[in-house]
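Coordinates as given in my_file.tsv (TSV, N, CA and C atoms):
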chain	number	residue	atom	x	y	z
A	1	MET	N	-7.33	24.90	-46.53
A	1	MET	CA	-6.72	23.62	-46.26
A	1	MET	C	-7.76	22.73	-45.62
A	2	LYS	N	-8.07	21.63	-46.24
A	2	LYS	CA	-9.12	20.75	-45.77
A	2	LYS	C	-8.60	19.57	-44.96
A	3	GLN	N	-7.33	19.19	-45.13
A	3	GLN	CA	-6.80	18.03	-44.42
A	3	GLN	C	-5.44	18.35	-43.84
A	4	LEU	N	-4.99	17.47	-42.96
A	4	LEU	CA	-3.64	17.60	-42.44
A	4	LEU	C	-2.63	17.36	-43.55
A	5	ALA	N	-1.42	17.84	-43.35
A	5	ALA	CA	-0.38	17.62	-44.35
A	5	ALA	C	0.05	16.16	-44.39
A	6	LEU	N	-0.09	15.46	-43.27
A	6	LEU	CA	0.31	14.06	-43.20
A	6	LEU	C	-0.88	13.23	-42.80
A	7	ILE	N	-1.21	12.25	-43.63
A	7	ILE	CA	-2.33	11.38	-43.34
A	7	ILE	C	-1.77	9.98	-43.14
A	8	PHE	N	-2.04	9.40	-41.97
A	8	PHE	CA	-1.60	8.04	-41.70
A	8	PHE	C	-2.49	7.07	-42.47
A	9	PRO	N	-1.90	6.03	-43.07
A	9	PRO	CA	-2.71	5.05	-43.78
A	9	PRO	C	-3.70	4.37	-42.83
A	10	GLY	N	-4.94	4.31	-43.24
A	10	GLY	CA	-5.97	3.66	-42.44
A	10	GLY	C	-6.51	4.50	-41.31
A	11	SER	N	-6.10	5.76	-41.21
A	11	SER	CA	-6.58	6.59	-40.11
A	11	SER	C	-7.59	7.61	-40.63
A	12	GLU	N	-8.26	8.25	-39.69
A	12	GLU	CA	-9.26	9.24	-40.06
A	12	GLU	C	-8.57	10.55	-40.46
A	13	THR	N	-9.20	11.32	-41.32
A	13	THR	CA	-8.68	12.63	-41.66
A	13	THR	C	-9.40	13.67	-40.82
A	14	ILE	N	-8.72	14.74	-40.53
A	14	ILE	CA	-9.28	15.81	-39.72
A	14	ILE	C	-9.51	17.00	-40.64
A	15	THR	N	-10.73	17.45	-40.71
A	15	THR	CA	-11.05	18.59	-41.57
A	15	THR	C	-10.87	19.88	-40.79
A	16	GLU	N	-10.98	21.00	-41.51
A	16	GLU	CA	-10.71	22.31	-40.92
A	16	GLU	C	-11.73	22.68	-39.84
A	17	GLY	N	-12.97	22.33	-40.03
A	17	GLY	CA	-14.00	22.72	-39.08
A	17	GLY	C	-14.17	21.76	-37.92
A	18	ASP	N	-13.38	20.69	-37.87
A	18	ASP	CA	-13.51	19.69	-36.81
A	18	ASP	C	-12.86	20.23	-35.54
A	19	THR	N	-13.68	20.47	-34.52
A	19	THR	CA	-13.15	21.03	-33.28
A	19	THR	C	-12.83	19.97	-32.25
A	20	ASN	N	-13.46	18.81	-32.35
A	20	ASN	CA	-13.24	17.77	-31.37
A	20	ASN	C	-12.38	16.67	-32.02
A	21	ILE	N	-11.08	16.96	-32.14
A	21	ILE	CA	-10.21	16.03	-32.85
A	21	ILE	C	-9.82	14.82	-31.99
A	22	PHE	N	-10.06	14.87	-30.69
A	22	PHE	CA	-9.65	13.78	-29.82
A	22	PHE	C	-10.77	12.78	-29.56
A	23	SER	N	-11.89	12.91	-30.25
A	23	SER	CA	-12.97	11.95	-30.06
A	23	SER	C	-12.77	10.78	-31.01
A	24	GLY	N	-13.42	9.68	-30.73
A	24	GLY	CA	-13.32	8.51	-31.60
A	24	GLY	C	-12.12	7.66	-31.26
A	25	THR	N	-11.76	6.83	-32.19
A	25	THR	CA	-10.64	5.91	-31.95
A	25	THR	C	-9.40	6.43	-32.63
A	26	TRP	N	-8.29	6.15	-32.01
A	26	TRP	CA	-7.00	6.51	-32.58
A	26	TRP	C	-6.49	5.29	-33.33
A	27	LYS	N	-6.63	5.29	-34.62
A	27	LYS	CA	-6.32	4.09	-35.41
A	27	LYS	C	-4.84	3.88	-35.61
A	28	PHE	N	-4.02	4.90	-35.41
A	28	PHE	CA	-2.60	4.70	-35.66
A	28	PHE	C	-1.89	4.04	-34.47
A	29	ILE	N	-2.60	3.75	-33.37
A	29	ILE	CA	-1.97	3.00	-32.29
A	29	ILE	C	-2.46	1.56	-32.27
A	30	THR	N	-3.05	1.13	-33.36
A	30	THR	CA	-3.42	-0.27	-33.51
A	30	THR	C	-2.59	-0.89	-34.61
A	31	ASP	N	-2.39	-2.18	-34.53
A	31	ASP	CA	-1.62	-2.90	-35.53
A	31	ASP	C	-2.40	-2.91	-36.84
A	32	PRO	N	-1.82	-2.41	-37.95
A	32	PRO	CA	-2.57	-2.36	-39.20
A	32	PRO	C	-2.89	-3.73	-39.78
A	33	ILE	N	-2.14	-4.76	-39.40
A	33	ILE	CA	-2.38	-6.09	-39.96
A	33	ILE	C	-3.47	-6.82	-39.18
A	34	THR	N	-3.31	-6.87	-37.86
A	34	THR	CA	-4.26	-7.63	-37.05
A	34	THR	C	-5.40	-6.77	-36.53
A	35	GLY	N	-5.22	-5.47	-36.46
A	35	GLY	CA	-6.25	-4.58	-35.91
A	35	GLY	C	-6.21	-4.50	-34.40
A	36	GLY	N	-5.35	-5.28	-33.76
A	36	GLY	CA	-5.23	-5.29	-32.31
A	36	GLY	C	-4.22	-4.24	-31.85
A	37	PRO	N	-3.90	-4.25	-30.57
A	37	PRO	CA	-2.93	-3.28	-30.06
A	37	PRO	C	-1.52	-3.57	-30.57
A	38	ILE	N	-0.72	-2.53	-30.60
A	38	ILE	CA	0.67	-2.69	-31.05
A	38	ILE	C	1.45	-3.38	-29.94
A	39	THR	N	2.18	-4.41	-30.30
A	39	THR	CA	3.02	-5.14	-29.36
A	39	THR	C	4.48	-4.86	-29.65
A	40	PRO	N	5.37	-5.20	-28.72
A	40	PRO	CA	6.80	-5.02	-29.02
A	40	PRO	C	7.25	-5.78	-30.26
A	41	ALA	N	6.62	-6.92	-30.53
A	41	ALA	CA	6.99	-7.70	-31.72
A	41	ALA	C	6.68	-6.92	-33.00
A	42	THR	N	5.53	-6.22	-33.05
A	42	THR	CA	5.21	-5.46	-34.26
A	42	THR	C	6.14	-4.27	-34.42
A	43	ILE	N	6.56	-3.68	-33.30
A	43	ILE	CA	7.50	-2.56	-33.38
A	43	ILE	C	8.84	-3.05	-33.91
A	44	ILE	N	9.33	-4.18	-33.38
A	44	ILE	CA	10.61	-4.73	-33.84
A	44	ILE	C	10.51	-5.15	-35.30
A	45	ASN	N	9.40	-5.78	-35.68
A	45	ASN	CA	9.23	-6.20	-37.08
A	45	ASN	C	9.22	-5.03	-38.03
A	46	SER	N	8.71	-3.89	-37.60
A	46	SER	CA	8.70	-2.73	-38.49
A	46	SER	C	10.03	-1.99	-38.48
A	47	LEU	N	10.84	-2.16	-37.43
A	47	LEU	CA	12.12	-1.46	-37.37
A	47	LEU	C	13.26	-2.22	-38.04
A	48	ILE	N	13.18	-3.54	-38.12
A	48	ILE	CA	14.29	-4.33	-38.67
A	48	ILE	C	14.63	-3.93	-40.11
A	49	PRO	N	13.67	-3.80	-41.04
A	49	PRO	CA	14.07	-3.38	-42.39
A	49	PRO	C	14.69	-1.98	-42.42
A	50	ILE	N	14.23	-1.08	-41.58
A	50	ILE	CA	14.80	0.27	-41.53
A	50	ILE	C	16.23	0.21	-41.02
A	51	ILE	N	16.47	-0.64	-40.02
A	51	ILE	CA	17.83	-0.79	-39.48
A	51	ILE	C	18.77	-1.33	-40.54
A	52	PHE	N	18.30	-2.30	-41.34
A	52	PHE	CA	19.14	-2.84	-42.41
A	52	PHE	C	19.47	-1.78	-43.45
A	53	ILE	N	18.52	-0.94	-43.79
A	53	ILE	CA	18.76	0.13	-44.76
A	53	ILE	C	19.77	1.13	-44.22
A	54	LEU	N	19.58	1.55	-42.96
A	54	LEU	CA	20.52	2.49	-42.35
A	54	LEU	C	21.92	1.88	-42.22
A	55	ALA	N	22.00	0.60	-41.90
A	55	ALA	CA	23.31	-0.06	-41.80
A	55	ALA	C	24.00	-0.09	-43.17
A	56	GLY	N	23.24	-0.29	-44.23
A	56	GLY	CA	23.83	-0.26	-45.57
A	56	GLY	C	24.35	1.12	-45.94
A	57	ILE	N	23.61	2.14	-45.54
A	57	ILE	CA	24.06	3.51	-45.82
A	57	ILE	C	25.33	3.83	-45.04
A	58	VAL	N	25.38	3.40	-43.76
A	58	VAL	CA	26.58	3.62	-42.95
A	58	VAL	C	27.76	2.84	-43.52
A	59	LEU	N	27.51	1.63	-44.01
A	59	LEU	CA	28.56	0.83	-44.64
A	59	LEU	C	29.15	1.55	-45.84
A	60	LEU	N	28.29	2.06	-46.70
A	60	LEU	CA	28.77	2.79	-47.87
A	60	LEU	C	29.57	4.02	-47.46
A	61	ALA	N	29.08	4.75	-46.46
A	61	ALA	CA	29.79	5.95	-46.01
A	61	ALA	C	31.16	5.59	-45.43
A	62	MET	N	31.23	4.50	-44.68
A	62	MET	CA	32.53	4.11	-44.10
A	62	MET	C	33.51	3.66	-45.18
A	63	LEU	N	33.01	2.93	-46.19
A	63	LEU	CA	33.90	2.52	-47.27
A	63	LEU	C	34.43	3.72	-48.05
A	64	VAL	N	33.55	4.65	-48.35
A	64	VAL	CA	33.98	5.85	-49.09
A	64	VAL	C	34.93	6.69	-48.24
A	65	SER	N	34.61	6.83	-46.96
A	65	SER	CA	35.46	7.63	-46.07
A	65	SER	C	36.83	6.98	-45.89
A	66	GLY	N	36.88	5.66	-45.73
A	66	GLY	CA	38.17	4.98	-45.60
A	66	GLY	C	38.99	5.08	-46.87
A	67	GLY	N	38.34	4.93	-48.02
A	67	GLY	CA	39.06	5.08	-49.29
A	67	GLY	C	39.56	6.49	-49.50
A	68	PHE	N	38.75	7.47	-49.11
A	68	PHE	CA	39.17	8.87	-49.25
A	68	PHE	C	40.34	9.17	-48.32
A	69	THR	N	40.31	8.60	-47.11
A	69	THR	CA	41.41	8.81	-46.16
A	69	THR	C	42.71	8.25	-46.72
A	70	ILE	N	42.65	7.08	-47.32
A	70	ILE	CA	43.85	6.50	-47.94
A	70	ILE	C	44.29	7.33	-49.14
A	71	PHE	N	43.31	7.79	-49.91
A	71	PHE	CA	43.63	8.56	-51.13
A	71	PHE	C	44.35	9.87	-50.81
A	72	VAL	N	43.95	10.55	-49.75
A	72	VAL	CA	44.55	11.85	-49.43
A	72	VAL	C	45.65	11.74	-48.36
A	73	SER	N	46.11	10.52	-48.07
A	73	SER	CA	47.10	10.35	-47.01
A	73	SER	C	48.48	10.88	-47.40
A	74	ALA	N	48.75	10.97	-48.67
A	74	ALA	CA	50.02	11.48	-49.18
A	74	ALA	C	51.20	10.69	-48.62
A	75	GLY	N	51.02	9.39	-48.47
A	75	GLY	CA	52.11	8.54	-48.02
A	75	GLY	C	52.29	8.49	-46.52
A	76	ASN	N	51.45	9.18	-45.77
A	76	ASN	CA	51.55	9.16	-44.31
A	76	ASN	C	51.07	7.79	-43.80
A	77	PRO	N	51.99	7.01	-43.16
A	77	PRO	CA	51.60	5.66	-42.75
A	77	PRO	C	50.47	5.63	-41.70
A	78	GLU	N	50.37	6.65	-40.87
A	78	GLU	CA	49.31	6.68	-39.85
A	78	GLU	C	47.93	6.83	-40.51
A	79	LYS	N	47.85	7.71	-41.52
A	79	LYS	CA	46.57	7.89	-42.20
A	79	LYS	C	46.20	6.68	-43.05
A	80	ILE	N	47.21	6.05	-43.66
A	80	ILE	CA	46.94	4.84	-44.43
A	80	ILE	C	46.41	3.75	-43.50
A	81	LYS	N	47.02	3.62	-42.31
A	81	LYS	CA	46.57	2.63	-41.35
A	81	LYS	C	45.15	2.93	-40.87
A	82	LYS	N	44.87	4.23	-40.67
A	82	LYS	CA	43.52	4.63	-40.25
A	82	LYS	C	42.50	4.30	-41.34
A	83	GLY	N	42.82	4.58	-42.59
A	83	GLY	CA	41.91	4.30	-43.70
A	83	GLY	C	41.67	2.82	-43.89
A	84	THR	N	42.74	2.01	-43.81
A	84	THR	CA	42.54	0.57	-43.94
A	84	THR	C	41.76	0.01	-42.76
A	85	GLY	N	41.94	0.59	-41.59
A	85	GLY	CA	41.15	0.17	-40.42
A	85	GLY	C	39.67	0.46	-40.61
A	86	MET	N	39.36	1.61	-41.21
A	86	MET	CA	37.96	1.95	-41.48
A	86	MET	C	37.35	0.99	-42.49
A	87	ILE	N	38.09	0.67	-43.54
A	87	ILE	CA	37.57	-0.25	-44.56
A	87	ILE	C	37.41	-1.65	-43.97
A	88	THR	N	38.39	-2.09	-43.16
A	88	THR	CA	38.29	-3.40	-42.52
A	88	THR	C	37.08	-3.46	-41.59
A	89	SER	N	36.87	-2.42	-40.80
A	89	SER	CA	35.71	-2.38	-39.91
A	89	SER	C	34.41	-2.40	-40.69
A	90	ALA	N	34.37	-1.69	-41.81
A	90	ALA	CA	33.16	-1.66	-42.63
A	90	ALA	C	32.87	-3.04	-43.21
A	91	LEU	N	33.89	-3.74	-43.67
A	91	LEU	CA	33.68	-5.07	-44.24
A	91	LEU	C	33.27	-6.09	-43.18
A	92	ILE	N	33.84	-6.00	-41.97
A	92	ILE	CA	33.41	-6.88	-40.88
A	92	ILE	C	31.96	-6.58	-40.52
A	93	GLY	N	31.60	-5.31	-40.47
A	93	GLY	CA	30.21	-4.93	-40.20
A	93	GLY	C	29.28	-5.45	-41.28
A	94	PHE	N	29.73	-5.40	-42.54
A	94	PHE	CA	28.91	-5.94	-43.64
A	94	PHE	C	28.67	-7.43	-43.45
A	95	LEU	N	29.70	-8.17	-43.07
A	95	LEU	CA	29.54	-9.60	-42.86
A	95	LEU	C	28.55	-9.89	-41.72
A	96	ILE	N	28.59	-9.08	-40.68
A	96	ILE	CA	27.65	-9.25	-39.56
A	96	ILE	C	26.22	-8.95	-40.02
A	97	ILE	N	26.04	-7.87	-40.78
A	97	ILE	CA	24.71	-7.52	-41.28
A	97	ILE	C	24.20	-8.60	-42.25
A	98	PHE	N	25.07	-9.08	-43.12
A	98	PHE	CA	24.70	-10.12	-44.07
A	98	PHE	C	24.27	-11.40	-43.34
A	99	ALA	N	25.05	-11.79	-42.33
A	99	ALA	CA	24.70	-12.99	-41.56
A	99	ALA	C	23.38	-12.79	-40.81
A	100	ALA	N	23.17	-11.61	-40.25
A	100	ALA	CA	21.92	-11.34	-39.51
A	100	ALA	C	20.72	-11.41	-40.46
A	101	TYR	N	20.87	-10.86	-41.65
A	101	TYR	CA	19.77	-10.91	-42.62
A	101	TYR	C	19.41	-12.34	-42.96
A	102	TRP	N	20.41	-13.18	-43.24
A	102	TRP	CA	20.11	-14.55	-43.63
A	102	TRP	C	19.64	-15.41	-42.46
A	103	ILE	N	20.08	-15.09	-41.26
A	103	ILE	CA	19.54	-15.79	-40.09
A	103	ILE	C	18.05	-15.47	-39.94
A	104	ILE	N	17.69	-14.21	-40.14
A	104	ILE	CA	16.27	-13.83	-40.07
A	104	ILE	C	15.48	-14.51	-41.18
A	105	GLU	N	16.04	-14.57	-42.38
A	105	GLU	CA	15.36	-15.26	-43.48
A	105	GLU	C	15.14	-16.74	-43.15
A	106	LEU	N	16.16	-17.38	-42.58
A	106	LEU	CA	16.02	-18.78	-42.20
A	106	LEU	C	14.96	-18.96	-41.12
A	107	LEU	N	14.90	-18.04	-40.16
A	107	LEU	CA	13.87	-18.11	-39.12
A	107	LEU	C	12.48	-17.95	-39.73
A	108	GLN	N	12.35	-17.05	-40.71
A	108	GLN	CA	11.06	-16.87	-41.38
A	108	GLN	C	10.61	-18.15	-42.05
A	109	ILE	N	11.51	-18.79	-42.77
A	109	ILE	CA	11.15	-20.01	-43.49
A	109	ILE	C	10.90	-21.16	-42.53
A	110	THR	N	11.76	-21.30	-41.52
A	110	THR	CA	11.64	-22.42	-40.60
A	110	THR	C	10.36	-22.36	-39.78
A	111	PHE	N	10.07	-21.19	-39.21
A	111	PHE	CA	8.93	-21.08	-38.30
A	111	PHE	C	7.68	-20.52	-38.97
A	112	GLY	N	7.79	-20.11	-40.23
A	112	GLY	CA	6.63	-19.59	-40.95
A	112	GLY	C	6.13	-18.26	-40.41
A	113	ILE	N	7.05	-17.44	-39.90
A	113	ILE	CA	6.66	-16.13	-39.36
A	113	ILE	C	7.08	-15.05	-40.34
A	114	ASN	N	6.49	-13.87	-40.19
A	114	ASN	CA	6.76	-12.75	-41.09
A	114	ASN	C	7.53	-11.70	-40.30
A	115	ILE	N	8.84	-11.58	-40.54
A	115	ILE	CA	9.66	-10.63	-39.80
A	115	ILE	C	10.00	-9.42	-40.67
A	116	LEU	N	10.45	-9.64	-41.87
A	116	LEU	CA	10.95	-8.55	-42.71
A	116	LEU	C	9.88	-7.92	-43.59
A	117	GLY	N	8.63	-8.25	-43.37
A	117	GLY	CA	7.56	-7.65	-44.15
A	117	GLY	C	7.21	-8.42	-45.40
A	118	THR	N	7.98	-9.42	-45.72
A	118	THR	CA	7.66	-10.26	-46.88
A	118	THR	C	7.25	-11.62	-46.36
A	119	PRO	N	6.23	-12.22	-46.94
A	119	PRO	CA	5.84	-13.53	-46.45
A	119	PRO	C	6.93	-14.56	-46.73
A	120	PRO	N	7.15	-15.48	-45.80
A	120	PRO	CA	8.19	-16.47	-46.02
A	120	PRO	C	7.82	-17.40	-47.16
A	121	THR	N	8.81	-17.74	-47.95
A	121	THR	CA	8.57	-18.65	-49.06
A	121	THR	C	9.04	-20.04	-48.65
A	122	PRO	N	8.16	-21.02	-48.70
A	122	PRO	CA	8.59	-22.36	-48.34
A	122	PRO	C	9.50	-22.93	-49.42
A	123	PRO	N	10.37	-23.84	-49.05
A	123	PRO	CA	11.24	-24.43	-50.07
A	123	PRO	C	10.43	-25.24	-51.07
A	124	THR	N	10.81	-25.14	-52.32
A	124	THR	CA	10.09	-25.87	-53.38
A	124	THR	C	10.66	-27.27	-53.50
A	125	PRO	N	9.79	-28.26	-53.68
A	125	PRO	CA	10.30	-29.63	-53.85
A	125	PRO	C	10.99	-29.78	-55.19
A	126	PRO	N	11.93	-30.71	-55.29
A	126	PRO	CA	12.62	-30.90	-56.58
A	126	PRO	C	11.66	-31.45	-57.63
A	127	VAL	N	11.91	-31.07	-58.86
A	127	VAL	CA	11.08	-31.53	-59.97
A	127	VAL	C	11.68	-32.83	-60.49
A	128	LEU	N	10.86	-33.86	-60.50
A	128	LEU	CA	11.32	-35.16	-60.98
A	128	LEU	C	11.12	-35.26	-62.49
A	129	PRO	N	12.00	-35.98	-63.17
A	129	PRO	CA	11.80	-36.13	-64.61
A	129	PRO	C	10.58	-37.00	-64.88
A	130	PRO	N	9.96	-36.86	-66.04
A	130	PRO	CA	8.76	-37.64	-66.33
A	130	PRO	C	9.09	-39.13	-66.39
A	131	TYR	N	8.11	-39.93	-65.99
A	131	TYR	CA	8.30	-41.38	-65.97
A	131	TYR	C	8.11	-41.93	-67.39
A	132	ILE	N	9.09	-42.64	-67.86
A	132	ILE	CA	9.02	-43.25	-69.19
A	132	ILE	C	9.13	-44.76	-69.00
A	133	PRO	N	8.06	-45.52	-69.26
A	133	PRO	CA	8.13	-46.98	-69.09
A	133	PRO	C	9.00	-47.62	-70.17
A	134	ILE	N	9.65	-48.69	-69.81
A	134	ILE	CA	10.54	-49.38	-70.75
A	134	ILE	C	9.82	-50.50	-71.42
Now that the file is in, can you turn its structure into structure tokens?
Amino acid sequence: MKQLALIFPGSETITEGDTNIFSGTWKFITDPITGGPITPATIINSLIPIIFILAGIVLLAMLVSGGFTIFVSAGNPEKIKKGTGMITSALIGFLIIFAAYWIIELLQITFGINILGTPPTPPTPPVLPPYIPI
């Protein structure tokens, strides 16, 4: 085995015969974009897309679980109420996540900052029809 099983992008690899692994610079504690130290802003910027993905997975699980609870309730009004409550909570959570995503997108465009890992796209001006003299 010549390398570690996990290699961080932009970091040094450690070979089998390397005995002094703690010498040199630790590149994975620097910001890969700027090369400077990691700040709380870079940590938050890297966690926001992961949080959105996990929230989507939880949303799907709650919708499926609420539907399954209603499906197997066998007419029991308490279980039906519990299942509809789960679905209602999931949909309210979806609306909150959707609003948060678009607020972040608006902040990216307005202030020209990069939050979600994609560069902000400025609004395109309207295309005017060609001028035809009379």
(message) One decimal, in Å: what's the spacing between CA of Ile80 in chain A and CA of Leu95 in chain A?
(response)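 Computing the Euclidean distance for CA of Ile80 in chain A and CA of Leu95 in chain A yields 22.7 Å.
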For range 37-50 of chain A, I'd like the enclosing box, axis-aligned and padded by 3 Å on every side, reported as lines of an AutoDock Vina configuration file with centre and edge lengths in Å to one decimal.
center_x = 6.2
center_y = -3.7
center_z = -35.6
size_x = 26.1
size_y = 14.0
size_z = 19.7
(request) Can you work out the spacing between atom N of Ala55 in chain A and atom C of Met86 in chain A in Å, to one decimal? (result)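 Going from atom N of Ala55 in chain A over to atom C of Met86 in chain A covers 15.4 Å.
Our summary of the geometry notes that CA of Thr124 in chain A is positioned 14.6 Å from atom C of Glu105 in chain A.
Minimum atom-to-atom distances from A:Ser46, A:Asn114, A:Ile38, A:Gly66 to Gly85 in chain A were compared using only N, CA and C atoms, and the lowest value belongs to A:Gly66.
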(request) Using DSSP on the backbone coordinates, identify the residues of range 27-113 of chain A assigned to alpha helix (DSSP H); present them as JSON, numbers by chain. (result) {"A": [40, 41, 42, 43, 44, 45, 46, 47, 48, 49, 50, 51, 52, 53, 54, 55, 56, 57, 58, 59, 60, 61, 62, 63, 64, 65, 66, 67, 68, 69, 70, 71, 77, 78, 79, 80, 81, 82, 83, 84, 85, 86, 87, 88, 89, 90, 91, 92, 93, 94, 95, 96, 97, 98, 99, 100, 101, 102, 103, 104, 105, 106, 107, 108, 109, 110, 111]}
Quick one: residues within 8 Å of Ala90 in chain A, only N, CA and C atoms counted, chain neighbours fewer than 4 positions away excluded, as a tab-separated table (two decimals) with N, CA and C atoms, in the frame of the given file?
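Listed below is the output, out.tsv:
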chain	number	residue	atom	x	y	z
A	58	VAL	N	25.38	3.40	-43.76
A	58	VAL	CA	26.58	3.62	-42.95
A	58	VAL	C	27.76	2.84	-43.52
A	59	LEU	N	27.51	1.63	-44.01
A	59	LEU	CA	28.56	0.83	-44.64
A	59	LEU	C	29.15	1.55	-45.84
A	60	LEU	N	28.29	2.06	-46.70
A	60	LEU	CA	28.77	2.79	-47.87
A	60	LEU	C	29.57	4.02	-47.46
A	62	MET	N	31.23	4.50	-44.68
A	62	MET	CA	32.53	4.11	-44.10
A	62	MET	C	33.51	3.66	-45.18
A	63	LEU	N	33.01	2.93	-46.19
A	63	LEU	CA	33.90	2.52	-47.27
A	63	LEU	C	34.43	3.72	-48.05
A	84	THR	N	42.74	2.01	-43.81
A	84	THR	CA	42.54	0.57	-43.94
A	84	THR	C	41.76	0.01	-42.76
A	85	GLY	N	41.94	0.59	-41.59
A	85	GLY	CA	41.15	0.17	-40.42
A	85	GLY	C	39.67	0.46	-40.61
A	86	MET	N	39.36	1.61	-41.21
A	86	MET	CA	37.96	1.95	-41.48
A	86	MET	C	37.35	0.99	-42.49
A	94	PHE	N	29.73	-5.40	-42.54
A	94	PHE	CA	28.91	-5.94	-43.64
A	94	PHE	C	28.67	-7.43	-43.45
A	95	LEU	N	29.70	-8.17	-43.07
A	95	LEU	CA	29.54	-9.60	-42.86
A	95	LEU	C	28.55	-9.89	-41.72
A	96	ILE	N	28.59	-9.08	-40.68
A	96	ILE	CA	27.65	-9.25	-39.56
A	96	ILE	C	26.22	-8.95	-40.02
